[in-house]
Structure formats: structure tokens, C-alpha cells
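Asks: The following file, final17.txt, comprises compact mmCIF, C-alpha atoms and all ligand atoms:
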# COMPACT_ATOMS: atom_id res chain seq x y z
CA MET S 1 78.69 112.10 113.26
CA SER S 2 78.36 111.09 109.62
CA ASP S 3 80.43 108.14 108.51
CA TYR S 4 82.07 110.15 105.75
CA ARG S 5 84.76 107.57 105.04
CA LYS S 6 82.17 105.02 104.07
CA ILE S 7 80.14 107.49 102.03
CA ASP S 8 83.30 108.74 100.31
CA ALA S 9 84.32 105.18 99.45
CA GLN S 10 80.93 104.54 97.86
CA TYR S 11 80.22 107.83 96.11
CA TYR S 12 83.52 109.62 95.42
CA MET S 13 85.86 108.37 92.69
CA PRO S 14 88.95 107.00 94.42
CA ALA S 15 91.44 109.26 92.61
CA PHE S 16 92.99 110.47 95.88
CA SER S 17 94.45 108.60 98.81
CA ARG S 18 93.85 110.26 102.15
CA THR S 19 93.60 109.42 105.80
CA MET S 20 92.41 112.38 107.82
CA MET S 21 89.88 115.16 107.54
CA ILE S 22 90.95 118.70 108.31
CA ARG S 23 87.94 120.23 109.97
CA ARG S 24 89.07 123.74 110.91
CA GLY S 25 92.03 126.09 110.46
CA LYS S 26 93.30 129.38 111.87
CA GLY S 27 96.67 130.89 110.99
CA CYS S 28 99.23 128.08 110.70
CA THR S 29 97.17 125.72 112.85
CA VAL S 30 94.61 123.16 111.71
CA TRP S 31 92.44 120.70 113.63
CA ASP S 32 91.47 117.27 112.40
CA ASP S 33 88.13 115.57 112.85
CA ASP S 34 89.10 114.15 116.25
CA GLY S 35 90.12 117.59 117.51
CA ASN S 36 93.88 116.94 117.23
CA GLU S 37 95.88 120.11 116.59
CA TYR S 38 98.64 120.42 113.97
CA LEU S 39 101.12 123.00 112.79
CA ASP S 40 100.46 123.04 109.03
CA LEU S 41 103.62 123.25 106.89
CA VAL S 42 101.77 122.23 103.72
CA ALA S 43 99.06 124.91 103.63
CA GLY S 44 96.94 123.11 101.04
CA ILE S 45 100.10 122.71 98.94
CA ALA S 46 101.33 126.31 98.92
CA VAL S 47 97.78 127.64 98.65
CA CYS S 48 96.91 129.10 102.06
CA SER S 49 99.66 131.70 101.82
CA THR S 50 98.01 134.09 104.26
CA GLY S 51 97.35 131.24 106.69
CA HIS S 52 93.99 129.62 107.26
CA CYS S 53 91.00 131.93 107.37
CA HIS S 54 92.91 135.21 107.57
CA ASP S 55 90.51 137.85 108.94
CA ASP S 56 91.01 140.23 105.99
CA VAL S 57 90.33 137.49 103.44
CA VAL S 58 87.30 136.13 105.30
CA LYS S 59 85.87 139.67 105.59
CA ALA S 60 86.45 140.43 101.90
CA ILE S 61 84.75 137.19 100.79
CA CYS S 62 81.81 137.61 103.18
CA ARG S 63 81.26 141.25 102.28
CA GLN S 64 81.27 140.43 98.56
CA ALA S 65 79.07 137.33 99.01
CA GLY S 66 76.38 139.52 100.58
CA GLU S 67 76.44 141.88 97.62
CA LEU S 68 76.98 139.82 94.44
CA ILE S 69 78.33 136.28 94.07
CA HIS S 70 78.30 135.96 90.28
CA CYS S 71 77.38 138.01 87.23
CA SER S 72 79.29 136.56 84.18
CA ASN S 73 82.06 138.16 82.18
CA LEU S 74 79.32 139.52 79.88
CA TYR S 75 79.43 142.48 82.30
CA TYR S 76 82.10 144.42 84.15
CA VAL S 77 82.78 142.41 87.30
CA PRO S 78 83.05 144.25 90.63
CA GLY S 79 86.66 144.31 91.82
CA GLN S 80 88.07 142.52 88.75
CA ALA S 81 89.74 145.49 87.06
CA GLU S 82 91.42 146.66 90.28
CA PHE S 83 92.64 143.12 91.01
CA ALA S 84 94.06 142.86 87.48
CA GLU S 85 95.77 146.26 87.86
CA LYS S 86 97.37 145.23 91.16
CA LEU S 87 98.50 141.90 89.72
CA ALA S 88 100.04 143.52 86.63
CA LYS S 89 101.88 146.01 88.85
CA VAL S 90 103.31 143.53 91.36
CA THR S 91 104.43 141.10 88.64
CA ASN S 92 105.83 143.96 86.53
CA LEU S 93 104.01 142.61 83.47
CA SER S 94 101.27 144.17 81.41
CA GLN S 95 97.85 142.51 81.10
CA VAL S 96 95.96 139.79 82.95
CA PHE S 97 93.53 137.00 82.09
CA PHE S 98 91.92 135.23 85.05
CA THR S 99 91.35 131.47 85.35
CA ASN S 100 90.04 129.10 88.03
CA SER S 101 93.13 126.94 88.52
CA GLY S 102 96.78 126.45 87.68
CA ALA S 103 96.08 123.97 84.92
CA GLU S 104 93.68 126.42 83.33
CA ALA S 105 96.27 129.18 83.58
CA ASN S 106 98.71 127.01 81.65
CA GLU S 107 96.01 126.21 79.08
CA ALA S 108 95.49 129.93 78.60
CA ALA S 109 99.25 130.52 78.35
CA LEU S 110 99.59 127.78 75.71
CA LYS S 111 96.68 129.16 73.69
CA LEU S 112 98.15 132.65 73.82
CA ALA S 113 101.60 131.38 72.78
CA ARG S 114 100.11 129.52 69.82
CA LEU S 115 98.20 132.60 68.69
CA ALA S 116 101.20 134.88 69.08
CA THR S 117 103.80 132.66 67.38
CA LYS S 118 101.57 130.73 64.95
CA LYS S 119 103.61 127.70 66.01
CA THR S 120 102.27 124.65 67.80
CA LYS S 121 104.93 122.69 69.70
CA ALA S 122 106.14 123.01 73.29
CA VAL S 123 109.25 122.15 75.25
CA SER S 124 109.28 121.57 79.00
CA PHE S 125 111.39 119.82 81.62
CA ILE S 126 111.82 116.37 83.10
CA HIS S 127 110.08 116.10 86.50
CA GLY S 128 108.15 119.29 85.70
CA PHE S 129 104.47 119.59 86.59
CA HIS S 130 101.96 121.87 84.88
CA GLY S 131 98.53 120.37 85.57
CA ARG S 132 96.05 117.63 84.74
CA THR S 133 93.88 119.01 81.93
CA LEU S 134 94.73 117.63 78.50
CA GLY S 135 96.89 120.57 77.34
CA SER S 136 98.66 121.10 80.65
CA LEU S 137 99.14 117.33 80.95
CA ALA S 138 100.78 117.26 77.51
CA VAL S 139 103.60 119.43 78.90
CA THR S 140 103.79 117.60 82.25
CA HIS S 141 106.61 115.09 82.35
CA LYS S 142 105.61 112.28 84.72
CA PRO S 143 104.98 109.34 82.36
CA GLY S 144 102.65 107.52 84.77
CA ILE S 145 100.08 110.32 84.76
CA ARG S 146 100.56 111.44 81.12
CA GLU S 147 100.97 108.35 79.00
CA PRO S 148 97.51 106.82 79.63
CA PHE S 149 96.03 109.88 77.89
CA GLU S 150 98.23 110.03 74.81
CA PRO S 151 98.08 111.22 72.08
CA LEU S 152 98.09 114.71 73.57
CA GLU S 153 98.47 118.23 72.23
CA PRO S 154 100.66 120.23 72.14
CA LYS S 155 103.47 117.94 70.99
CA CYS S 156 106.09 118.35 73.67
CA SER S 157 109.77 117.45 74.16
CA PHE S 158 111.13 117.05 77.66
CA VAL S 159 114.63 118.23 78.56
CA GLU S 160 116.67 117.59 81.72
CA TYR S 161 116.12 120.48 84.17
CA GLY S 162 119.31 122.52 84.13
CA ASP S 163 120.54 121.28 80.74
CA LEU S 164 120.87 124.28 78.43
CA GLU S 165 122.56 122.34 75.62
CA GLY S 166 119.72 119.82 75.65
CA LEU S 167 117.26 122.70 75.54
CA ARG S 168 119.01 124.35 72.62
CA ALA S 169 118.75 121.08 70.70
CA ALA S 170 115.07 120.57 71.58
CA VAL S 171 113.72 124.04 70.76
CA ASP S 172 113.20 124.37 67.01
CA THR S 173 111.44 126.66 64.56
CA ASP S 174 108.06 124.99 65.34
CA THR S 175 108.32 125.61 69.08
CA ALA S 176 105.66 128.03 70.33
CA ALA S 177 106.78 128.04 73.95
CA VAL S 178 109.10 126.70 76.60
CA LEU S 179 107.35 126.07 79.93
CA LEU S 180 109.61 126.57 82.92
CA GLU S 181 109.09 126.28 86.65
CA PRO S 182 111.76 128.64 88.10
CA ILE S 183 111.92 126.12 90.96
CA GLN S 184 110.37 122.70 90.43
CA GLY S 185 107.66 122.25 93.05
CA GLU S 186 105.94 118.90 92.64
CA ALA S 187 109.33 117.37 91.86
CA GLY S 188 110.34 118.16 95.45
CA ILE S 189 111.67 121.75 95.49
CA ILE S 190 114.44 121.48 92.92
CA ILE S 191 116.44 124.70 92.48
CA PRO S 192 118.14 125.01 89.07
CA PRO S 193 121.83 125.80 88.61
CA GLU S 194 122.97 129.44 88.60
CA GLY S 195 122.31 131.12 85.24
CA PHE S 196 119.91 128.44 84.01
CA VAL S 197 116.80 130.63 83.80
CA GLU S 198 118.78 133.34 81.97
CA GLY S 199 120.01 130.68 79.54
CA VAL S 200 116.46 129.50 78.88
CA ARG S 201 115.45 133.08 78.08
CA GLU S 202 118.37 133.42 75.67
CA ILE S 203 117.50 130.21 73.81
CA CYS S 204 113.83 131.25 73.53
CA ASP S 205 114.91 134.57 72.03
CA GLU S 206 117.30 132.90 69.58
CA LYS S 207 114.61 130.52 68.33
CA GLY S 208 111.57 132.82 68.49
CA ALA S 209 109.76 130.79 71.16
CA LEU S 210 107.91 132.36 74.07
CA LEU S 211 109.00 131.74 77.65
CA ILE S 212 106.10 130.75 79.91
CA ALA S 213 107.10 130.82 83.57
CA ASP S 214 104.81 128.48 85.48
CA GLU S 215 104.78 130.20 88.86
CA VAL S 216 101.64 128.48 90.06
CA GLN S 217 103.63 127.23 93.07
CA THR S 218 106.60 129.66 93.24
CA GLY S 219 104.54 132.80 92.68
CA MET S 220 102.92 135.41 94.89
CA GLY S 221 105.65 135.89 97.47
CA ARG S 222 106.40 132.24 98.18
CA THR S 223 110.13 132.64 97.41
CA GLY S 224 110.50 136.09 99.01
CA THR S 225 109.73 138.14 95.90
CA TRP S 226 106.38 138.43 94.12
CA LEU S 227 107.68 136.12 91.40
CA ALA S 228 110.61 133.73 91.61
CA MET S 229 111.54 135.20 88.20
CA HIS S 230 112.19 138.51 89.98
CA GLN S 231 115.29 136.88 91.50
CA THR S 232 116.73 136.30 88.03
CA LYS S 233 117.97 138.84 85.51
CA VAL S 234 115.20 138.05 83.02
CA MET S 235 111.42 138.10 82.68
CA PRO S 236 109.05 135.64 81.02
CA ASP S 237 106.66 136.53 78.20
CA ILE S 238 103.80 135.00 80.18
CA VAL S 239 103.57 133.96 83.82
CA SER S 240 100.94 131.53 85.10
CA LEU S 241 99.70 131.84 88.67
CA ALA S 242 97.19 130.13 90.91
CA LYS S 243 97.86 128.28 94.19
CA GLY S 244 98.76 131.13 96.59
CA LEU S 245 96.80 133.80 94.77
CA GLY S 246 93.45 133.55 96.56
CA SER S 247 94.28 132.17 100.03
CA GLY S 248 92.35 129.01 99.15
CA PHE S 249 89.56 130.57 97.12
CA PRO S 250 90.10 129.20 93.58
CA VAL S 251 91.85 131.96 91.65
CA GLY S 252 94.30 131.59 88.78
CA ALA S 253 95.70 133.99 86.23
CA ILE S 254 98.11 134.56 83.44
CA VAL S 255 99.93 137.86 83.19
CA ALA S 256 101.67 138.67 79.90
CA ARG S 257 104.15 141.25 78.71
CA GLU S 258 103.15 144.32 76.74
CA GLY S 259 101.72 143.49 73.32
CA LEU S 260 100.73 139.93 74.18
CA ALA S 261 96.98 139.59 74.83
CA PHE S 262 93.87 137.69 73.79
CA LYS S 263 91.66 139.63 71.41
CA LYS S 264 87.88 139.52 71.36
CA SER S 265 86.53 135.94 71.56
CA GLU S 266 89.96 134.29 71.59
CA HIS S 267 89.43 132.98 75.13
CA GLY S 268 86.74 132.93 77.79
CA SER S 269 85.49 131.54 81.09
CA THR S 270 82.17 131.55 82.94
CA PHE S 271 83.52 131.76 86.46
CA ALA S 272 87.06 133.10 86.18
CA GLY S 273 87.79 136.45 87.80
CA GLY S 274 84.33 136.53 89.38
CA PRO S 275 83.37 138.87 92.21
CA LEU S 276 84.37 136.47 95.01
CA ALA S 277 87.63 135.47 93.32
CA SER S 278 88.54 139.10 92.82
CA ALA S 279 87.69 140.00 96.41
CA ALA S 280 89.67 137.05 97.82
CA GLY S 281 92.60 137.71 95.48
CA MET S 282 92.82 141.43 96.19
CA ALA S 283 92.68 140.88 99.96
CA THR S 284 95.38 138.20 99.60
CA LEU S 285 97.69 140.52 97.64
CA HIS S 286 97.39 143.19 100.33
CA VAL S 287 98.28 140.73 103.09
CA ILE S 288 101.22 139.29 101.13
CA GLU S 289 102.54 142.78 100.40
CA SER S 290 103.07 143.34 104.13
CA LEU S 291 104.68 139.89 104.60
CA LEU S 292 107.05 140.05 101.64
CA PRO S 293 110.05 141.76 103.31
CA GLY S 294 110.21 139.04 106.01
CA ILE S 295 109.98 135.90 103.90
CA ALA S 296 113.64 135.39 102.97
CA ALA S 297 114.66 135.53 106.65
CA LYS S 298 111.99 132.96 107.55
CA GLY S 299 113.42 130.66 104.90
CA GLU S 300 116.92 131.14 106.30
CA ARG S 301 115.63 130.23 109.76
CA PHE S 302 114.36 126.95 108.30
CA ARG S 303 117.74 126.46 106.60
CA GLU S 304 119.63 126.91 109.89
CA GLY S 305 117.18 124.79 111.85
CA LEU S 306 117.44 121.91 109.38
CA ALA S 307 121.09 122.45 108.37
CA ARG S 308 122.26 118.92 109.08
CA TRP S 309 119.86 117.56 106.40
CA ASN S 310 121.20 119.85 103.70
CA PRO S 311 117.88 121.46 102.81
CA ARG S 312 117.15 123.27 99.54
CA VAL S 313 115.66 126.62 100.49
CA CYS S 314 114.26 129.57 98.58
CA GLY S 315 112.06 131.73 100.78
CA LEU S 316 109.33 129.48 102.16
CA MET S 317 109.90 126.63 99.71
CA ILE S 318 111.97 124.01 101.49
CA GLY S 319 112.94 120.57 100.16
CA ILE S 320 114.93 117.77 101.79
CA THR S 321 115.97 114.55 100.08
CA VAL S 322 114.79 111.79 102.39
CA GLY S 323 114.38 108.79 100.11
CA GLU S 324 112.00 105.87 100.43
CA LYS S 325 111.32 106.52 104.11
CA CYS S 326 109.67 109.86 103.27
CA PRO S 327 106.09 108.60 103.84
CA GLU S 328 107.16 107.27 107.23
CA VAL S 329 108.61 110.68 108.08
CA GLN S 330 105.37 112.35 107.03
CA GLU S 331 103.35 110.00 109.23
CA ARG S 332 105.60 110.36 112.28
CA CYS S 333 105.58 114.17 111.98
CA ALA S 334 101.77 114.09 111.97
CA GLU S 335 101.79 111.97 115.15
CA LYS S 336 103.93 114.71 116.68
CA GLY S 337 101.57 117.47 115.52
CA ILE S 338 103.30 118.74 112.37
CA ILE S 339 101.91 118.40 108.84
CA VAL S 340 104.58 117.94 106.15
CA ASN S 341 104.34 116.53 102.62
CA CYS S 342 106.22 113.99 100.53
CA ALA S 343 106.60 115.28 96.98
CA ALA S 344 108.11 113.17 94.18
CA ASP S 345 111.16 110.90 94.57
CA GLY S 346 111.26 110.82 98.37
CA ASN S 347 111.62 114.58 98.71
CA LEU S 348 110.15 116.11 101.84
CA ARG S 349 108.41 119.39 100.95
CA LEU S 350 107.60 122.28 103.28
CA VAL S 351 105.51 125.16 101.90
CA PRO S 352 104.04 126.74 105.05
CA PRO S 353 101.80 129.81 105.24
CA LEU S 354 103.82 132.98 104.66
CA ILE S 355 102.55 134.29 108.02
CA ILE S 356 104.48 131.60 109.93
CA THR S 357 106.24 133.01 113.02
CA GLU S 358 109.80 132.41 114.25
CA ALA S 359 108.44 130.43 117.20
CA GLU S 360 106.44 128.22 114.84
CA ILE S 361 109.47 127.70 112.60
CA ASP S 362 111.55 126.67 115.62
CA ARG S 363 108.87 124.23 116.76
CA ALA S 364 108.63 122.78 113.26
CA THR S 365 112.37 122.33 112.77
CA GLY S 366 112.65 120.82 116.26
CA VAL S 367 110.10 118.12 115.47
CA ILE S 368 111.43 117.47 111.96
CA ASN S 369 114.97 117.07 113.33
CA GLU S 370 113.72 114.58 115.94
CA VAL S 371 111.80 112.57 113.37
CA LEU S 372 114.55 112.53 110.73
CA THR S 373 117.08 111.50 113.39
CA GLU S 374 114.78 108.73 114.56
CA ILE S 375 113.95 107.40 111.08
CA CYS S 376 116.88 108.27 108.84
CA SER S 377 120.04 107.96 110.92
C1 LIG O 1 99.83 122.77 91.26
C2 LIG O 1 100.50 123.18 90.03
C3 LIG O 1 99.80 123.27 88.81
C4 LIG O 1 98.36 122.84 88.67
O1 LIG O 1 97.48 123.65 89.38
P1 LIG O 1 95.96 123.19 89.59
O2 LIG O 1 95.32 124.37 90.26
O3 LIG O 1 95.98 121.96 90.43
O4 LIG O 1 95.39 122.93 88.25
C5 LIG O 1 100.48 123.73 87.71
N1 LIG O 1 101.77 124.09 87.77
C6 LIG O 1 102.48 124.02 88.91
C7 LIG O 1 103.90 124.46 88.93
C8 LIG O 1 101.87 123.56 90.09
O5 LIG O 1 102.57 123.46 91.21
Before anything else, please render the file you have as C-alpha cells.
Replies:
Amino acid sequence: MSDYRKIDAQYYMPAFSRTMMIRRGKGCTVWDDDGNEYLDLVAGIAVCSTGHCHDDVVKAICRQAGELIHCSNLYYVPGQAEFAEKLAKVTNLSQVFFTNSGAEANEAALKLARLATKKTKAVSFIHGFHGRTLGSLAVTHKPGIREPFEPLEPKCSFVEYGDLEGLRAAVDTDTAAVLLEPIQGEAGIIIPPEGFVEGVREICDEKGALLIADEVQTGMGRTGTWLAMHQTKVMPDIVSLAKGLGSGFPVGAIVAREGLAFKKSEHGSTFAGGPLASAAGMATLHVIESLLPGIAAKGERFREGLARWNPRVCGLMIGITVGEKCPEVQERCAEKGIIVNCAADGNLRLVPPLIITEAEIDRATGVINEVLTEICS
């Protein structure tokens, strides 16, 4: 067997820290390089929403790969229009632009907001995450990953998540857009106070700024509705999507309300919305559609199973404040065959495949209870 650790150390830039290789996956189960089996509650960070290698997704990708892999957006792309139609309908918004990632979706959203408002500044939230490209990084809060790259555009002010008065003070007549995660994901599954999202909408309307909902992590059924915004009384002007949209095939998108769209030559992409992305995305939407009615109950089963740790739950986004022992919890869970993730600030994050069964949830909560009891009490 190839000594990939050594080769990786020599030839791959050490931007990530990792210990194991995941070799194979099926449903909610993955196998590492030594053949150990795990129940995967991370799912590629909320990406493998239909589980690993769902038959319908594999078939759609393979069928399309045998017919046409790429053709450029110079031409109509097979499957792209139908995928856009489906995405507009399920989000209840109007028109789509495809991207290859979440960061790129936010780039597109920021460009569109600047065109539409003729303003340049942005406002976003403390502990928020929107991506690593220069524009998406400019609106990402974490100083450690942002500051080395300053100065960045757009100019951005950061407001405490949940603080409407702070937001009202920060949004001014030069603000093109407010970027909002309806639930903060990378921060560790932080659910905002009741009425917060509605308040953000109101302030945007007062000041003439657009509301961009970054649903890269919360979107596509993760919270029990197609968008997390669908659980509020308001809608965004633009929503950005990626992670769960293609079951692991790189697919991102923005969807905007009526009247808000790029015109000829205002944006572009070589790969985005290609034949394989469209096939994987469309197959994913069909699978999620059938899972959607059951997701809230699955989340509640996690809530009951983990009740003594006071979990934050919205559909299949689950966060538990663990503190500095979080990495130890992650490691011990892996030893017991469960993959979990430490997000920011010692918050344990569970974002399992949406296909997870009751039996798998019970197994997961059993192990997590054991480990938390062992390490944290
Ligand atoms: C992961 C994430 C992104 C970035 O997506 P990439 O595909 O890694 O560029 C942006 N916003 C949110 C809310 C995310 O969770």
C-alpha cells in the first residue's frame, strides 16, 4: 500500500490537519484505511445529505459521465435548466446562478448585491463563516483566518449575532448587503433568538440593503425545510447554497428573488452548473424531497437522546457546548466507531446524512452519552 502520509507531507501544502483516510462509504457508514467501520455524523460537513454513494446519485452521475462530462456555458448544458427550475421552485425564489462552492456562491451574491444597490459595503455577524476566497473572507468574522489577508473588499462591519440594535447602527446608506446565516454552522450550531431573522429583514428594508441568507450549511433540507429561512416569516433577497446540494459532487448556487439577476456578461464560470453537477444536484433534490417530512422528528430524537447535555437542535443540525475537551470527545467517539466534529469554541457539531435511521440515531446518542459522561462529568 502506498505510504500516502509521507507523500502528502512532502507534496501537499499542510493547510489541513488530519489523521485518518476515509476509504469507502455507503449510507451513514464509512470505512477507514484499516477497514475500521464508523457511523458518520459529519457527512463531509453537512455535504453528503443523501448519505454516501446513494444509488440514485451514483446512477445519475455515471449515466451523465458516459454521455457528456463538460461542454462550457457557451452552450445550453444538459440538465441545467431543469435543475435551476427545480431549485427555484423548492426555495420559492425566482432565478438561479450556479457556482462550484459555497465561497463562490457568496462571491456571486456579493457581486449581485453591488450591482443591484450600487453600494459597496457589507455587514455580517461575529463568529459567522462565509468562505475563504477574498470576497467571502472579507465578510467572515474569525480574525485569525481573515486578518493576514487584509485589506479586503468589501469593507465589512461585524455585529454580535442576535443584536438587532447593533445591526441597526452598523447598516448605513452605503451598505449593499447584510450576510446572515439563519443558524451559525461553523460557529458550532448557534440558533439565534426568536424574531432575530425577521428583525434583520426589517432593518435591511429600512436602509435599502439586500439580505443575503447564507444557507450553504443550513440549506437543502438540513433543518427540516428546504431552507432554514422557510421557518421564519421572511425571505431573503438572495440565498447562497452549496454543501448539501450535490451529495458530495461540487455544486453551489445562488437563487434570487424576482427582478434580481445578472445580465449578459456580468458574471460567469467555466465549470459551474455543468452536466455532472446538474445530474448530481437534480438526483439529490429528488432524494431530499422524499426525506424532508421526516427530518424534524429525527432531530427531536437526537434532542431526547442527548437531553442531559442541553443540545441545540434544528432538524439535523445539532450542537452541544463541550468546551476545551471537545477534541478529546471527538477522538474517543472515533475509537468507539462514531465520527463527530468539533466546530469553533469547543462546540460539538453533528450534521449527519438526512437518511439516518432511528436505530442509527439511538446508537449514536448512546455512544455520545457514554463518551461525554466519561470525559465531561
Ligand atoms: C462551508 C460554508 C461556506 C463555504 O463553502 P465552501 O464550499 O467551503 O467554499 C460558506 N458559508 C457557510 C455558511 C458554510 O458553512
Asks: So that I can see what lies close to Lys336 in chain S, please list as a tab-separated table (two decimals) with C-alpha atoms, in the frame of the given file the residues with an atom at most 10 Å from it, counting all atoms listed in the file and leaving out residues fewer than 3 positions away in the same chain.
Replies:
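Result went into around36.tsv, see below:
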chain	number	residue	atom	x	y	z
S	37	GLU	CA	95.88	120.11	116.59
S	38	TYR	CA	98.64	120.42	113.97
S	39	LEU	CA	101.12	123.00	112.79
S	331	GLU	CA	103.35	110.00	109.23
S	332	ARG	CA	105.60	110.36	112.28
S	333	CYS	CA	105.58	114.17	111.98
S	339	ILE	CA	101.91	118.40	108.84
S	364	ALA	CA	108.63	122.78	113.26
S	367	VAL	CA	110.10	118.12	115.47
S	368	ILE	CA	111.43	117.47	111.96
S	370	GLU	CA	113.72	114.58	115.94
S	371	VAL	CA	111.80	112.57	113.37
Asks: Kindly provide, as JSON, the centre and edge lengths (Å, one decimal) of an axis-aligned box around all atoms of range 220-226 of chain S given in the file, with 5 Å on each side.
Replies:
{"center_x": 106.7, "center_y": 135.3, "center_z": 96.6, "size_x": 17.6, "size_y": 16.2, "size_z": 14.9}
Asks: Please identify the residues whose atoms come within 7 Å of ligand LIG 1 (chain O), using all atoms listed in the file, and report them as a list of chain:residue names.
Replies: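 Checking all atoms listed in the file against ligand LIG 1 (chain O) at 7 Å gives S:Ser101, S:Gly102, S:Ala103, S:Glu104, S:Phe129, S:His130, S:Gly131, S:Arg132, S:Glu181, S:Gln184, S:Gly185, S:Glu186, S:Asp214, S:Glu215, S:Val216, S:Gln217, S:Ala242, S:Lys243.
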Asks: Extract, using only C-alpha atoms, all DNA, RNA and protein residues at most 12 Å from Arg349 in chain S, discarding same-chain residues fewer than 3 positions from it, and format them as a VMD selection string.
Replies: chain S and resid 40 to 43 45 to 46 184 to 190 311 to 314 316 to 322 326 to 327 329 to 330 339 to 346 352 368
Asks: List as a ChimeraX atom specification the protein and nucleic acid residues near range 136-142 of chain S, meaning an atom at most 9 Å away when all atoms listed in the file are counted, but skip any in the same chain fewer than 4 places from it.
Replies: /S:103-107,110,122-132,146-147,149-158,179
Asks: Using only C-alpha atoms, can you tell me which of S:Asn369, S:Gln80, S:Thr91, S:Ser17 comes closest to Trp226 in chain S?
Replies: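 So, comparing all the options, the nearest one is S:Thr91.
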Asks: For Glu165 in chain S, find every residue with an atom within 12 Å (counting all atoms listed in the file), except residues of its own chain fewer than 2 positions away, and show them as a list in words.
Replies: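 In the requested format, the answer is Val159, Glu160, Tyr161, Gly162, Asp163, Leu167, Arg168, Ala169, Ala170, Val171, Phe196, Gly199, Val200, Glu202 and Ile203 of chain S.
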Asks: Select, counting all atoms listed in the file, all protein, DNA and RNA residues no farther than 12 Å from (115.4, 136.2, 90.4) in file coordinates, and express the selection as a list of chain:residue names.
Replies: S:Pro182, S:Ile183, S:Ile191, S:Pro192, S:Glu194, S:Gly195, S:Phe196, S:Val197, S:Glu198, S:Thr218, S:Gly219, S:Thr223, S:Gly224, S:Thr225, S:Trp226, S:Leu227, S:Ala228, S:Met229, S:His230, S:Gln231, S:Thr232, S:Lys233, S:Val234, S:Met235, S:Pro236, S:Cys314, S:Gly315
Asks: To one decimal place, how far is CA of Phe302 in chain S from CA of Ala334 in chain S in Å?
Replies: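 Between CA of Phe302 in chain S and CA of Ala334 in chain S the gap works out to 18.4 Å.
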Asks: Just the number, please: distance in Å from CA of Gly166 in chain S to CA of Gly208 in chain S, one decimal.
Replies: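 Pair CA of Gly166 in chain S / CA of Gly208 in chain S returns 16.9 Å.
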Asks: Hey, can you check how far CA of Phe97 in chain S sits from CA of Ile254 in chain S?
Replies: 5.4 Å
Asks: Using only C-alpha atoms, which of S:Ala176, S:Ala307, S:Asp237, S:Gly244 sits nearest Leu115 in chain S?
Replies: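 Closest to Leu115 in chain S of all the choices is S:Ala176.
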Asks: Quick one: residues within 8 Å of range 70-73 of chain S, only C-alpha atoms counted, chain neighbours fewer than 6 positions away excluded, as a compact mmCIF listing (two decimals) with C-alpha atoms, in the coordinates of the input?
Replies:
# COMPACT_ATOMS: atom_id res chain seq x y z
CA SER S 269 85.49 131.54 81.09
CA THR S 270 82.17 131.55 82.94
CA PHE S 271 83.52 131.76 86.46
CA GLY S 274 84.33 136.53 89.38
CA PRO S 275 83.37 138.87 92.21
CA LEU S 276 84.37 136.47 95.01
Asks: So which one's closest to Ile375 in chain S, S:Glu328, S:Val351, S:Leu210, S:Arg257? Using all atoms listed in the file, please.
Replies: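 So, comparing all the options, the nearest one is S:Glu328.
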Asks: With distances taken over all atoms listed in the file, which residue among S:Glu289, S:Ile361, S:Ala272, S:Gly27 lies nearest Ala253 in chain S?
Replies: S:Ala272
Asks: My list of candidates is S:Pro143, S:Pro353, S:Arg363, S:Lys263. Which is closest to Ile338 in chain S when distances are computed with all atoms listed in the file?
Replies: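 Residue with the minimum atom-to-atom distance to Ile338 in chain S: S:Arg363.
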Asks: Closest to Phe262 in chain S among S:Ile22, S:Ala116, S:Val77, S:Ile69, using all atoms listed in the file?
Replies: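 Among the listed residues, S:Ala116 lies closest to Phe262 in chain S.
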Asks: Could you extract range 68-80 of chain S of the given structure into a file holding N, CA, C and O atoms, as an mmCIF file, in the first residue's frame?
Replies:
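In the end it all went to selection_11.cif:
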data_model
loop_
_atom_site.group_PDB
_atom_site.id
_atom_site.type_symbol
_atom_site.label_atom_id
_atom_site.label_comp_id
_atom_site.auth_asym_id
_atom_site.auth_seq_id
_atom_site.Cartn_x
_atom_site.Cartn_y
_atom_site.Cartn_z
ATOM 1 N N LEU S 68 -21.855 12.993 -21.595
ATOM 2 C CA LEU S 68 -21.161 14.274 -21.773
ATOM 3 C C LEU S 68 -20.699 14.753 -20.396
ATOM 4 O O LEU S 68 -21.511 14.922 -19.487
ATOM 5 N N ILE S 69 -19.403 14.970 -20.235
ATOM 6 C CA ILE S 69 -18.882 15.417 -18.944
ATOM 7 C C ILE S 69 -18.841 16.937 -18.876
ATOM 8 O O ILE S 69 -19.157 17.531 -17.855
ATOM 9 N N HIS S 70 -18.478 17.583 -19.978
ATOM 10 C CA HIS S 70 -18.353 19.043 -19.958
ATOM 11 C C HIS S 70 -18.619 19.616 -21.338
ATOM 12 O O HIS S 70 -18.328 18.962 -22.344
ATOM 13 N N CYS S 71 -19.178 20.818 -21.375
ATOM 14 C CA CYS S 71 -19.379 21.445 -22.693
ATOM 15 C C CYS S 71 -19.204 22.955 -22.676
ATOM 16 O O CYS S 71 -19.154 23.570 -23.724
ATOM 17 N N SER S 72 -19.083 23.603 -21.500
ATOM 18 C CA SER S 72 -18.996 25.059 -21.343
ATOM 19 C C SER S 72 -20.384 25.697 -21.348
ATOM 20 O O SER S 72 -21.312 25.222 -22.007
ATOM 21 N N ASN S 73 -20.466 26.809 -20.625
ATOM 22 C CA ASN S 73 -21.697 27.590 -20.609
ATOM 23 C C ASN S 73 -21.867 28.442 -21.876
ATOM 24 O O ASN S 73 -22.791 29.242 -21.963
ATOM 25 N N LEU S 74 -20.984 28.235 -22.868
ATOM 26 C CA LEU S 74 -21.216 28.829 -24.199
ATOM 27 C C LEU S 74 -22.440 28.189 -24.857
ATOM 28 O O LEU S 74 -22.986 28.717 -25.813
ATOM 29 N N TYR S 75 -22.828 27.005 -24.349
ATOM 30 C CA TYR S 75 -23.923 26.230 -24.941
ATOM 31 C C TYR S 75 -24.949 25.915 -23.860
ATOM 32 O O TYR S 75 -24.642 25.988 -22.676
ATOM 33 N N TYR S 76 -26.161 25.566 -24.264
ATOM 34 C CA TYR S 76 -27.107 25.025 -23.288
ATOM 35 C C TYR S 76 -26.520 23.745 -22.720
ATOM 36 O O TYR S 76 -25.983 22.913 -23.470
ATOM 37 N N VAL S 77 -26.603 23.601 -21.405
ATOM 38 C CA VAL S 77 -25.988 22.453 -20.733
ATOM 39 C C VAL S 77 -27.076 21.433 -20.391
ATOM 40 O O VAL S 77 -28.080 21.796 -19.776
ATOM 41 N N PRO S 78 -26.879 20.175 -20.766
ATOM 42 C CA PRO S 78 -27.896 19.160 -20.475
ATOM 43 C C PRO S 78 -28.236 19.103 -18.983
ATOM 44 O O PRO S 78 -27.334 18.994 -18.154
ATOM 45 N N GLY S 79 -29.507 19.203 -18.671
ATOM 46 C CA GLY S 79 -29.966 19.072 -17.286
ATOM 47 C C GLY S 79 -29.918 20.357 -16.482
ATOM 48 O O GLY S 79 -30.528 20.449 -15.410
ATOM 49 N N GLN S 80 -29.206 21.390 -16.969
ATOM 50 C CA GLN S 80 -29.014 22.598 -16.160
ATOM 51 C C GLN S 80 -30.309 23.385 -15.951
ATOM 52 O O GLN S 80 -30.606 23.831 -14.846
#
